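K.L.:
File final37.txt below, compact mmCIF, C-alpha atoms:
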# COMPACT_ATOMS: atom_id res chain seq x y z
CA MET A 1 -52.97 -30.14 63.47
CA VAL A 2 -53.06 -29.79 67.26
CA ALA A 3 -56.27 -31.84 67.48
CA ASN A 4 -54.73 -34.46 65.20
CA MET A 5 -51.60 -34.60 67.37
CA LEU A 6 -53.47 -35.06 70.64
CA GLN A 7 -56.08 -37.47 69.33
CA SER A 8 -53.41 -39.71 67.79
CA VAL A 9 -52.30 -40.64 71.29
CA CYS A 10 -55.83 -40.77 72.70
CA TRP A 11 -57.00 -43.32 70.12
CA CYS A 12 -54.26 -45.76 71.02
CA GLU A 13 -54.85 -45.90 74.76
CA GLU A 14 -57.55 -45.52 77.38
CA PRO A 15 -56.93 -43.80 80.70
CA HIS A 16 -58.09 -46.78 82.74
CA ASP A 17 -56.58 -50.26 82.89
CA THR A 18 -58.90 -52.33 80.72
CA VAL A 19 -58.27 -52.38 76.98
CA TYR A 20 -56.92 -50.17 74.26
CA ARG A 21 -59.38 -48.06 72.37
CA ILE A 22 -58.36 -49.18 68.92
CA THR A 23 -59.19 -52.78 69.84
CA LYS A 24 -62.29 -51.84 71.78
CA ILE A 25 -63.68 -49.77 68.92
CA GLY A 26 -62.22 -51.98 66.20
CA SER A 27 -59.56 -50.86 63.74
CA LYS A 28 -61.83 -51.23 60.70
CA PHE A 29 -64.67 -49.34 62.37
CA MET A 30 -62.24 -46.60 63.46
CA PHE A 31 -60.86 -46.29 59.93
CA LEU A 32 -64.29 -46.11 58.32
CA SER A 33 -65.71 -43.76 60.96
CA GLY A 34 -62.75 -41.42 60.67
CA THR A 35 -63.06 -41.40 56.89
CA MET A 36 -66.77 -40.56 57.03
CA ILE A 37 -66.28 -37.86 59.67
CA GLY A 38 -63.46 -36.24 57.69
CA GLY A 39 -65.42 -36.34 54.44
CA ILE A 40 -68.63 -34.93 55.90
CA CYS A 41 -66.75 -32.14 57.68
CA ALA A 42 -65.01 -31.24 54.42
CA ILE A 43 -68.39 -30.92 52.70
CA LEU A 44 -69.76 -28.84 55.57
CA PHE A 45 -66.74 -26.53 55.40
CA GLY A 46 -67.69 -25.75 51.82
CA VAL A 47 -70.92 -24.07 52.91
CA LEU A 48 -69.43 -21.98 55.71
CA ASP A 49 -69.03 -19.01 53.39
CA ARG A 50 -72.80 -18.60 53.75
CA SER A 51 -72.68 -18.35 57.54
CA PRO A 52 -72.98 -14.97 59.32
CA ASP A 53 -69.81 -12.88 59.47
CA GLY A 54 -67.78 -12.21 62.58
CA THR A 55 -67.59 -14.46 65.63
CA THR A 56 -70.13 -16.98 64.33
CA TYR A 57 -68.09 -17.62 61.20
CA ILE A 58 -64.81 -17.99 63.12
CA VAL A 59 -66.32 -20.36 65.69
CA MET A 60 -67.96 -22.52 63.03
CA CYS A 61 -64.70 -22.74 61.07
CA PHE A 62 -62.75 -23.82 64.15
CA LEU A 63 -65.38 -26.37 65.17
CA CYS A 64 -65.60 -27.87 61.70
CA ARG A 65 -61.86 -28.15 61.26
CA THR A 66 -61.37 -29.54 64.78
CA VAL A 67 -63.90 -32.33 64.24
CA GLU A 68 -62.37 -33.01 60.83
CA ALA A 69 -58.93 -33.31 62.43
CA ILE A 70 -60.29 -35.83 64.92
CA GLY A 71 -61.70 -37.88 62.06
CA CYS A 72 -58.40 -37.70 60.19
CA SER A 73 -56.46 -38.84 63.24
CA MET A 74 -58.85 -41.78 63.54
CA PHE A 75 -58.38 -43.13 60.04
CA VAL A 76 -54.65 -42.35 59.82
CA THR A 77 -53.89 -44.08 63.14
CA ALA A 78 -56.10 -47.03 62.21
CA SER A 79 -54.59 -47.33 58.72
CA PHE A 80 -51.03 -47.63 60.02
CA ALA A 81 -52.12 -50.17 62.63
CA ILE A 82 -53.97 -52.21 59.99
CA ILE A 83 -50.91 -52.19 57.71
CA ALA A 84 -48.71 -53.49 60.52
CA CYS A 85 -51.26 -56.25 61.17
CA VAL A 86 -51.92 -57.29 57.57
CA PHE A 87 -48.35 -56.91 56.25
CA PRO A 88 -46.12 -57.82 59.24
CA ASN A 89 -43.14 -58.70 57.03
CA ASN A 90 -43.42 -55.69 54.71
CA VAL A 91 -44.38 -52.89 57.06
CA ALA A 92 -41.84 -50.36 55.82
CA THR A 93 -42.57 -51.07 52.16
CA MET A 94 -46.31 -50.57 52.60
CA PHE A 95 -45.69 -47.50 54.72
CA GLY A 96 -43.59 -46.12 51.89
CA VAL A 97 -46.41 -46.80 49.42
CA LEU A 98 -48.82 -44.94 51.70
CA GLU A 99 -46.42 -42.00 51.90
CA THR A 100 -46.21 -41.94 48.10
CA PHE A 101 -49.96 -41.54 47.72
CA SER A 102 -50.02 -39.03 50.55
CA GLY A 103 -47.32 -37.04 48.78
CA LEU A 104 -49.21 -37.22 45.48
CA GLY A 105 -52.24 -35.78 47.22
CA LEU A 106 -50.21 -32.94 48.69
CA ILE A 107 -48.65 -32.21 45.29
CA ALA A 108 -51.90 -32.32 43.30
CA GLY A 109 -54.05 -30.69 45.98
CA PRO A 110 -53.18 -27.02 45.38
CA ALA A 111 -53.40 -27.29 41.59
CA VAL A 112 -56.64 -29.28 41.51
CA GLY A 113 -58.14 -27.20 44.32
CA GLY A 114 -57.32 -23.99 42.48
CA ALA A 115 -58.87 -25.28 39.26
CA LEU A 116 -62.05 -26.35 41.07
CA TYR A 117 -62.23 -22.99 42.82
CA GLN A 118 -62.07 -21.16 39.50
CA LEU A 119 -64.66 -23.52 38.06
CA GLY A 120 -67.26 -23.47 40.84
CA GLY A 121 -66.23 -21.06 43.57
CA PHE A 122 -65.30 -21.57 47.22
CA GLY A 123 -67.45 -24.61 47.94
CA LEU A 124 -66.66 -26.87 44.96
CA PRO A 125 -63.17 -28.06 46.07
CA PHE A 126 -64.55 -29.08 49.47
CA PHE A 127 -67.64 -30.74 47.96
CA VAL A 128 -65.49 -32.81 45.58
CA VAL A 129 -62.85 -33.82 48.13
CA GLY A 130 -65.43 -34.54 50.82
CA SER A 131 -67.56 -36.64 48.48
CA ILE A 132 -64.54 -38.66 47.33
CA THR A 133 -63.57 -39.25 50.96
CA VAL A 134 -67.06 -40.44 51.86
CA LEU A 135 -67.15 -42.75 48.84
CA ASN A 136 -63.76 -44.09 49.91
CA GLY A 137 -65.26 -44.96 53.29
CA VAL A 138 -68.18 -46.75 51.64
CA ALA A 139 -65.82 -48.71 49.38
CA GLY A 140 -63.61 -49.55 52.36
CA TYR A 141 -66.55 -51.16 54.14
CA PHE A 142 -66.74 -53.80 51.40
CA MET A 143 -63.06 -54.05 50.47
CA ILE A 144 -61.40 -54.29 53.90
CA GLY A 145 -61.69 -57.83 55.17
CA HIS A 146 -61.84 -59.16 58.71
CA ILE A 147 -59.03 -57.99 60.98
CA ASP A 148 -58.21 -59.79 64.22
CA ASP A 149 -58.35 -56.90 66.68
CA SER A 150 -60.49 -58.30 69.48
CA PRO A 151 -59.93 -56.54 72.84
CA ARG A 152 -57.23 -57.95 75.10
CA THR A 153 -56.34 -57.27 78.70
CA ARG A 154 -53.67 -54.61 78.81
CA SER A 155 -50.20 -55.82 79.70
CA LYS A 156 -48.16 -52.95 78.29
CA SER A 157 -48.95 -49.25 77.91
CA ILE A 158 -47.60 -46.43 75.82
CA LEU A 159 -45.37 -45.59 78.79
CA SER A 160 -43.65 -48.94 78.26
CA LEU A 161 -42.73 -47.86 74.74
CA LEU A 162 -41.16 -44.69 76.13
CA ARG A 163 -38.76 -46.67 78.32
CA SER A 164 -36.54 -47.44 75.34
CA PRO A 165 -33.85 -44.91 74.33
CA PHE A 166 -34.42 -46.05 70.75
CA THR A 167 -38.01 -44.81 70.95
CA TRP A 168 -36.84 -41.35 72.02
CA SER A 169 -34.22 -41.19 69.27
CA ILE A 170 -36.87 -42.12 66.68
CA ALA A 171 -39.24 -39.52 68.15
CA LEU A 172 -36.56 -36.83 67.77
CA CYS A 173 -35.93 -37.90 64.18
CA LEU A 174 -39.67 -37.77 63.40
CA ILE A 175 -40.19 -34.36 64.99
CA SER A 176 -37.13 -32.81 63.37
CA GLY A 177 -38.04 -34.27 59.96
CA SER A 178 -41.67 -33.14 59.95
CA PHE A 179 -40.57 -29.79 61.42
CA SER A 180 -38.26 -29.34 58.45
CA LEU A 181 -41.00 -30.15 55.97
CA GLY A 182 -43.44 -27.75 57.63
CA PHE A 183 -40.81 -25.04 57.97
CA LEU A 184 -40.89 -24.40 54.23
CA ASP A 185 -44.66 -23.82 53.97
CA PRO A 186 -44.69 -20.15 55.05
CA THR A 187 -41.06 -19.30 54.23
CA LEU A 188 -39.90 -20.85 50.95
CA ALA A 189 -41.98 -18.68 48.62
CA LEU A 190 -40.59 -15.42 50.00
CA HIS A 191 -37.06 -16.82 49.94
CA VAL A 192 -37.01 -18.00 46.32
CA ASP A 193 -38.80 -14.84 45.19
CA LYS A 194 -35.43 -13.12 45.69
CA LEU A 195 -34.02 -15.06 42.74
CA PRO A 196 -34.10 -13.04 39.49
CA GLU A 197 -35.44 -16.05 37.54
CA LEU A 198 -38.44 -16.41 39.88
CA LYS A 199 -39.10 -12.79 40.85
CA GLY A 200 -42.86 -12.26 40.77
CA LYS A 201 -43.53 -15.56 38.92
CA THR A 202 -46.08 -17.26 41.17
CA ALA A 203 -46.51 -20.37 39.02
CA LEU A 204 -42.77 -21.10 38.93
CA ILE A 205 -42.48 -20.48 42.67
CA GLY A 206 -45.27 -22.99 43.19
CA LEU A 207 -43.31 -25.57 41.22
CA MET A 208 -40.43 -25.18 43.66
CA PHE A 209 -42.62 -26.68 46.37
CA LEU A 210 -42.98 -29.85 44.28
CA ILE A 211 -39.28 -30.68 44.26
CA ALA A 212 -38.79 -31.81 47.86
CA GLY A 213 -42.24 -33.39 48.10
CA GLY A 214 -41.82 -35.17 44.78
CA MET A 215 -38.43 -36.63 45.71
CA TYR A 216 -39.83 -37.72 49.06
CA CYS A 217 -42.96 -39.46 47.83
CA PHE A 218 -41.47 -41.19 44.77
CA THR A 219 -38.50 -42.65 46.67
CA ALA A 220 -40.52 -43.70 49.75
CA PRO A 221 -41.40 -47.25 48.52
CA LEU A 222 -37.74 -47.89 47.63
CA TYR A 223 -36.59 -46.86 51.10
CA GLY A 224 -39.29 -49.02 52.65
CA TYR A 225 -38.22 -52.02 50.57
CA ILE A 226 -34.60 -51.59 51.65
CA VAL A 227 -35.60 -51.42 55.31
CA ASP A 228 -37.71 -54.58 55.07
CA LYS A 229 -34.97 -56.50 53.28
CA LYS A 230 -31.89 -55.25 55.11
CA GLY A 231 -33.30 -54.05 58.45
CA CYS A 232 -30.87 -51.11 58.52
CA VAL A 233 -33.20 -48.72 60.37
CA LYS A 234 -30.62 -46.72 62.31
CA ILE A 235 -28.17 -46.44 59.40
CA MET A 236 -30.83 -45.11 57.05
CA MET A 237 -32.09 -42.64 59.65
CA ALA A 238 -28.56 -41.30 60.16
CA VAL A 239 -27.59 -41.15 56.48
CA GLY A 240 -30.90 -39.56 55.50
CA GLY A 241 -30.57 -36.98 58.24
CA VAL A 242 -27.08 -36.01 57.07
CA VAL A 243 -28.27 -35.55 53.47
CA ALA A 244 -31.28 -33.49 54.57
CA ALA A 245 -29.11 -31.32 56.84
CA ILE A 246 -26.73 -30.60 53.95
CA GLY A 247 -29.71 -29.66 51.80
CA TYR A 248 -30.85 -27.11 54.35
CA LEU A 249 -27.36 -25.62 54.62
CA LEU A 250 -27.30 -25.10 50.86
CA MET A 251 -30.82 -23.71 50.73
CA GLY A 252 -30.11 -20.56 52.75
CA PRO A 253 -27.27 -20.65 52.05
CA THR A 254 -25.87 -20.84 55.57
CA PRO A 255 -23.77 -17.88 56.75
CA LEU A 256 -21.49 -20.37 58.51
CA ILE A 257 -19.89 -21.36 55.18
CA PRO A 258 -18.76 -18.32 53.13
CA HIS A 259 -19.12 -18.06 49.36
CA LEU A 260 -21.90 -20.64 48.98
CA PRO A 261 -23.96 -19.68 45.90
CA PHE A 262 -27.57 -18.53 46.06
CA GLU A 263 -28.77 -19.35 42.59
CA LEU A 264 -31.67 -21.23 41.05
CA TRP A 265 -29.69 -24.42 40.50
CA SER A 266 -28.38 -24.44 44.08
CA VAL A 267 -31.89 -24.01 45.53
CA ILE A 268 -33.22 -26.82 43.31
CA LEU A 269 -30.32 -29.04 44.39
CA SER A 270 -30.92 -28.25 48.07
CA LEU A 271 -34.63 -29.06 47.82
CA ALA A 272 -33.87 -32.33 46.04
CA LEU A 273 -31.35 -33.30 48.73
CA MET A 274 -33.82 -32.42 51.44
CA GLY A 275 -36.54 -34.59 49.89
CA LEU A 276 -34.19 -37.52 49.35
CA GLY A 277 -32.72 -37.24 52.84
CA LEU A 278 -35.98 -36.87 54.74
CA GLY A 279 -37.47 -39.84 52.90
CA CYS A 280 -34.49 -41.96 53.88
CA ALA A 281 -34.67 -40.74 57.48
CA LEU A 282 -38.43 -40.89 58.09
CA ILE A 283 -39.62 -44.00 56.23
CA PRO A 284 -37.71 -46.44 58.52
CA THR A 285 -39.09 -44.84 61.71
CA PHE A 286 -42.38 -46.74 61.83
CA ARG A 287 -40.58 -50.06 61.45
CA GLY A 288 -38.10 -48.90 64.08
CA LEU A 289 -40.88 -48.19 66.58
CA LEU A 290 -42.33 -51.66 65.99
CA ASP A 291 -38.88 -53.19 66.57
CA SER A 292 -38.47 -51.12 69.73
CA ALA A 293 -41.84 -52.35 71.04
CA LYS A 294 -40.87 -55.94 70.28
CA GLU A 295 -37.57 -55.60 72.15
CA LEU A 296 -39.49 -54.28 75.17
CA GLY A 297 -41.54 -57.47 75.27
CA MET A 298 -44.73 -56.01 73.84
CA GLU A 299 -46.81 -58.58 71.98
CA GLU A 300 -47.14 -58.43 68.21
CA ASN A 301 -50.86 -57.70 68.04
CA MET A 302 -53.26 -54.87 67.27
CA ASP A 303 -52.83 -53.42 70.77
CA THR A 304 -49.14 -52.79 70.10
CA ASN A 305 -49.79 -51.65 66.53
CA GLY A 306 -52.27 -49.10 67.83
CA ILE A 307 -49.81 -47.74 70.38
CA VAL A 308 -47.02 -47.47 67.81
CA SER A 309 -49.29 -45.90 65.20
CA GLY A 310 -50.67 -43.35 67.65
CA PHE A 311 -47.22 -42.41 68.94
CA PHE A 312 -45.88 -42.11 65.39
CA ASN A 313 -48.69 -39.77 64.34
CA PHE A 314 -48.29 -37.73 67.52
CA CYS A 315 -44.59 -37.09 66.86
CA PHE A 316 -45.08 -36.37 63.16
CA SER A 317 -48.01 -34.02 63.83
CA LEU A 318 -46.07 -32.23 66.57
CA GLY A 319 -43.24 -31.46 64.17
CA ALA A 320 -45.65 -30.50 61.38
CA PHE A 321 -47.35 -28.07 63.79
CA LEU A 322 -44.11 -26.53 65.08
CA GLY A 323 -42.50 -26.24 61.63
CA PRO A 324 -44.66 -23.47 60.12
CA THR A 325 -45.42 -21.69 63.41
CA VAL A 326 -41.91 -21.60 64.88
CA GLY A 327 -40.31 -21.38 61.45
CA GLY A 328 -42.27 -18.27 60.52
CA VAL A 329 -41.30 -16.56 63.76
CA LEU A 330 -37.62 -17.47 63.32
CA VAL A 331 -37.51 -16.16 59.76
CA ASP A 332 -39.11 -12.87 60.82
CA LYS A 333 -36.56 -12.42 63.59
CA PHE A 334 -33.33 -13.93 62.20
CA GLY A 335 -33.90 -14.20 58.44
CA PHE A 336 -34.20 -17.29 56.26
CA ASN A 337 -30.47 -18.05 56.10
CA TRP A 338 -29.96 -18.40 59.85
CA SER A 339 -33.36 -20.08 60.34
CA ALA A 340 -32.58 -22.72 57.70
CA THR A 341 -29.23 -23.25 59.42
CA GLY A 342 -31.12 -23.83 62.67
CA ALA A 343 -33.39 -26.37 60.95
CA SER A 344 -30.28 -28.11 59.65
CA GLY A 345 -28.87 -28.16 63.17
CA PHE A 346 -32.12 -29.66 64.48
CA ILE A 347 -31.85 -32.50 61.96
CA ALA A 348 -28.15 -32.93 62.73
CA THR A 349 -28.97 -33.25 66.42
CA SER A 350 -31.28 -36.17 65.69
CA VAL A 351 -28.52 -37.76 63.59
CA ILE A 352 -26.06 -37.45 66.48
CA VAL A 353 -28.53 -38.99 68.93
CA VAL A 354 -29.32 -41.93 66.62
CA THR A 355 -25.62 -42.49 65.90
CA LEU A 356 -24.63 -42.42 69.57
CA TYR A 357 -27.43 -44.85 70.41
CA GLY A 358 -26.33 -47.19 67.64
CA LEU A 359 -22.69 -47.08 68.77
CA CYS A 360 -23.55 -47.66 72.42
CA ARG A 361 -25.80 -50.55 71.52
CA THR A 362 -23.16 -52.12 69.27
CA LEU A 363 -20.55 -51.86 72.04
CA ASN A 364 -22.95 -53.31 74.57
CA GLU A 365 -23.85 -56.22 72.29
CA GLY A 366 -20.14 -56.85 71.70
CA LYS A 367 -19.48 -57.02 75.44
CA THR A 368 -22.46 -59.33 75.91
CA GLN A 369 -21.24 -61.71 73.21
CA LYS A 370 -17.73 -61.69 74.66
CA ARG A 371 -19.11 -62.44 78.13
CA ARG A 372 -21.14 -65.31 76.76
CA GLY A 373 -18.06 -66.62 74.97
CA TYR A 374 -16.11 -66.61 78.26
CA GLU A 375 -18.96 -68.41 79.98
CA VAL A 376 -18.96 -71.11 77.30
CA ILE A 377 -15.18 -71.54 77.59
CA ILE A 378 -15.39 -71.80 81.39
CA HIS A 379 -18.22 -74.30 81.15
CA GLN A 380 -16.32 -76.44 78.64
CA SER A 381 -13.19 -76.32 80.83
CA ALA A 382 -15.20 -77.42 83.84
CA VAL A 383 -16.72 -80.31 81.91
CA THR A 384 -13.28 -81.38 80.61
CA SER A 385 -11.74 -81.28 84.10
CA ASN A 386 -14.57 -83.40 85.50
CA VAL A 387 -14.03 -85.97 82.79
Since I need it in another form, could you write the structure as structure tokens?

P.N.:
Amino acid sequence: MVANMLQSVCWCEEPHDTVYRITKIGSKFMFLSGTMIGGICAILFGVLDRSPDGTTYIVMCFLCRTVEAIGCSMFVTASFAIIACVFPNNVATMFGVLETFSGLGLIAGPAVGGALYQLGGFGLPFFVVGSITVLNGVAGYFMIGHIDDSPRTRSKSILSLLRSPFTWSIALCLISGSFSLGFLDPTLALHVDKLPELKGKTALIGLMFLIAGGMYCFTAPLYGYIVDKKGCVKIMMAVGGVVAAIGYLLMGPTPLIPHLPFELWSVILSLALMGLGLGCALIPTFRGLLDSAKELGMEENMDTNGIVSGFFNFCFSLGAFLGPTVGGVLVDKFGFNWSATGASGFIATSVIVVTLYGLCRTLNEGKTQKRRGYEVIIHQSAVTSNV
């Protein structure tokens, strides 16, 4: 995850002032190369159980997973940039479709992986997934057409994108949202195991993980469609954040609100709210970053798409890395109830920032329009007096 986070930014920009890497390498080549690297590394990981024990095994595991993460960051960054280039008027909708398939993979992965493990041992899940990924890269070579991503002289950098307050508010929303998703990975199972209906029932506890992810992935295309048609990026980010924050308060439940129930139905409801809310909050962010870049005067080309895609993946990966690591520490020290309340507060903070930005911008636009109206009136008066 750390390698993915860092490489997402590296792929979108070079350290010297010539061209962006995604246009120098080529978005299609980056996508296909990343797919092949990820697939081959997955296959290699399946044979690491035959390596010598001890330091050699640990080092080989870290090396294999690090290279695989680099490959993943390549094809994920390139895929978002390609979508923005090929579907400029339906970016959010296509992003939502991608998130749906990503969510389906996360949902089916543990079940299918477990079945393959029982069928063929440690290596079979990695051999199957790696082979499918490699075949996907081969198919992509023939199916992905020509993409106009020839290198251009750099006029704007990723630092230009960071000059907008809207970019920072989106970044906070992305980090808090992915943090909240990752927070549940090491903590939810132990929390719901306290319920009498789920005590010691591993299969049922596993199904609890599907609720939030399922709500997120199946509603993602709808949220994307709404964003493309209505353009209400900030409103959806704020509303989604509020719903997700409420879900986290119910999940604990929070000690701040006495007498909230901790029952199976309340946990299911909280997970459903969290999935619905995070989908509404996160799906518009990619479109919002593109709009922010456009407002800053960045050209609508593959250079800008690469910057936006890399920055998006950096923020999302940062939150996904901090969620399980920081979340596990917080639960050990403060308990799940207070930790979930803190996650809710993190999301609420992003909502406040987005809302304040939207209000300030609305007020500023209102003043600008009023000033222009006065200027028009003065100009018309001057013309009338001259006549």

K.L.:
Residues within 8 Å of segment 336-343 of chain A, please, as a PyMOL selection string. Count all atoms listed in the file; anything in the same chain fewer than 3 positions from it doesn't count.

P.N.:
chain A and resi 176+179-180+187+191+245+248-249+251-255+327+330-331+346-347

K.L.:
Atom CA of Gly103 of chain A and atom CA of Gly34 of chain A are how many Å apart?

P.N.:
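Spanning atom CA of Gly103 of chain A to atom CA of Gly34 of chain A is a straight-line distance of 20.0 Å.
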
K.L.:
Show which residues sit within 7 Å of Ala272 of chain A, as an mmCIF file with C-alpha atoms, in the coordinates of the input. Count all atoms listed in the file, and ignore same-chain residues fewer than 6 positions away.

P.N.:
data_model
loop_
_atom_site.group_PDB
_atom_site.id
_atom_site.type_symbol
_atom_site.label_atom_id
_atom_site.label_comp_id
_atom_site.auth_asym_id
_atom_site.auth_seq_id
_atom_site.Cartn_x
_atom_site.Cartn_y
_atom_site.Cartn_z
ATOM 1 C CA ILE A 211 -39.280 -30.680 44.260
ATOM 2 C CA ALA A 212 -38.790 -31.810 47.860
ATOM 3 C CA MET A 215 -38.430 -36.630 45.710
#

K.L.:
Rank nothing, just name the residue among A:Pro165, A:Gly123, A:Gly200, A:Gly247 nearest to Val354 of chain A, using all atoms listed in the file.

P.N.:
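Distance minimum relative to Val354 of chain A lands on A:Pro165.
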
K.L.:
Could you give me, as a list of chain:residue names, the residues within 10 Å of segment 144-146 of chain A, counting only C-alpha atoms and dropping anything in the same chain fewer than 6 positions from it?

P.N.:
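So the residues in contact are A:Ser27, A:Lys28, A:Leu32, A:Ile82.
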
K.L.:
Hey, can you check how far atom CA of Gly241 of chain A sits from atom CA of Tyr216 of chain A?

P.N.:
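Computing it gives 13.1 Å between the two atoms.
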
K.L.:
So which one's closest to Gly275 of chain A, A:Val329, A:Ala238, A:Gly177, A:Ala320? Using only C-alpha atoms, please.

P.N.:
A:Gly177

K.L.:
Using only C-alpha atoms, determine which residues lie at most 8 Å from segment 37-51 of chain A, disregarding the query and same-chain residues fewer than 4 positions distant; provide the list as a list in words.

P.N.:
Ser33, Thr56, Tyr57, Met60, Cys61, Cys64, Arg65, Val67, Glu68, Ala69, Ile70, Gly71, Cys72, Phe122, Gly123, Leu124, Pro125, Phe126, Phe127, Val128, Val129, Gly130, Ser131, Ile132, Thr133 and Val134 of chain A

K.L.:
Take the residues from that selection and write them out as an mmCIF file, in the frame of the given file, keeping C-alpha atoms.

P.N.:
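As written to disk, result_9.cif reads:
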data_model
loop_
_atom_site.group_PDB
_atom_site.id
_atom_site.type_symbol
_atom_site.label_atom_id
_atom_site.label_comp_id
_atom_site.auth_asym_id
_atom_site.auth_seq_id
_atom_site.Cartn_x
_atom_site.Cartn_y
_atom_site.Cartn_z
ATOM 1 C CA SER A 33 -65.710 -43.760 60.960
ATOM 2 C CA THR A 56 -70.130 -16.980 64.330
ATOM 3 C CA TYR A 57 -68.090 -17.620 61.200
ATOM 4 C CA MET A 60 -67.960 -22.520 63.030
ATOM 5 C CA CYS A 61 -64.700 -22.740 61.070
ATOM 6 C CA CYS A 64 -65.600 -27.870 61.700
ATOM 7 C CA ARG A 65 -61.860 -28.150 61.260
ATOM 8 C CA VAL A 67 -63.900 -32.330 64.240
ATOM 9 C CA GLU A 68 -62.370 -33.010 60.830
ATOM 10 C CA ALA A 69 -58.930 -33.310 62.430
ATOM 11 C CA ILE A 70 -60.290 -35.830 64.920
ATOM 12 C CA GLY A 71 -61.700 -37.880 62.060
ATOM 13 C CA CYS A 72 -58.400 -37.700 60.190
ATOM 14 C CA PHE A 122 -65.300 -21.570 47.220
ATOM 15 C CA GLY A 123 -67.450 -24.610 47.940
ATOM 16 C CA LEU A 124 -66.660 -26.870 44.960
ATOM 17 C CA PRO A 125 -63.170 -28.060 46.070
ATOM 18 C CA PHE A 126 -64.550 -29.080 49.470
ATOM 19 C CA PHE A 127 -67.640 -30.740 47.960
ATOM 20 C CA VAL A 128 -65.490 -32.810 45.580
ATOM 21 C CA VAL A 129 -62.850 -33.820 48.130
ATOM 22 C CA GLY A 130 -65.430 -34.540 50.820
ATOM 23 C CA SER A 131 -67.560 -36.640 48.480
ATOM 24 C CA ILE A 132 -64.540 -38.660 47.330
ATOM 25 C CA THR A 133 -63.570 -39.250 50.960
ATOM 26 C CA VAL A 134 -67.060 -40.440 51.860
#

K.L.:
Rounded to one decimal place, report the atom CA of Leu322 of chain A-atom CA of Leu174 of chain A distance in Å.

P.N.:
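Between atom CA of Leu322 of chain A and atom CA of Leu174 of chain A the gap is 12.2 Å.
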
K.L.:
Residues within 7 Å of Val91 of chain A, please, as a count of residues only. Count all atoms listed in the file; anything in the same chain fewer than 5 positions from it doesn't count.

P.N.:
3

K.L.:
Using all atoms listed in the file, find the one residue out of A:Leu181, A:Met36, A:Ala108, A:Leu198 that sits nearest to Leu135 of chain A.

P.N.:
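Of the candidates, the smallest distance to Leu135 of chain A is held by A:Met36.
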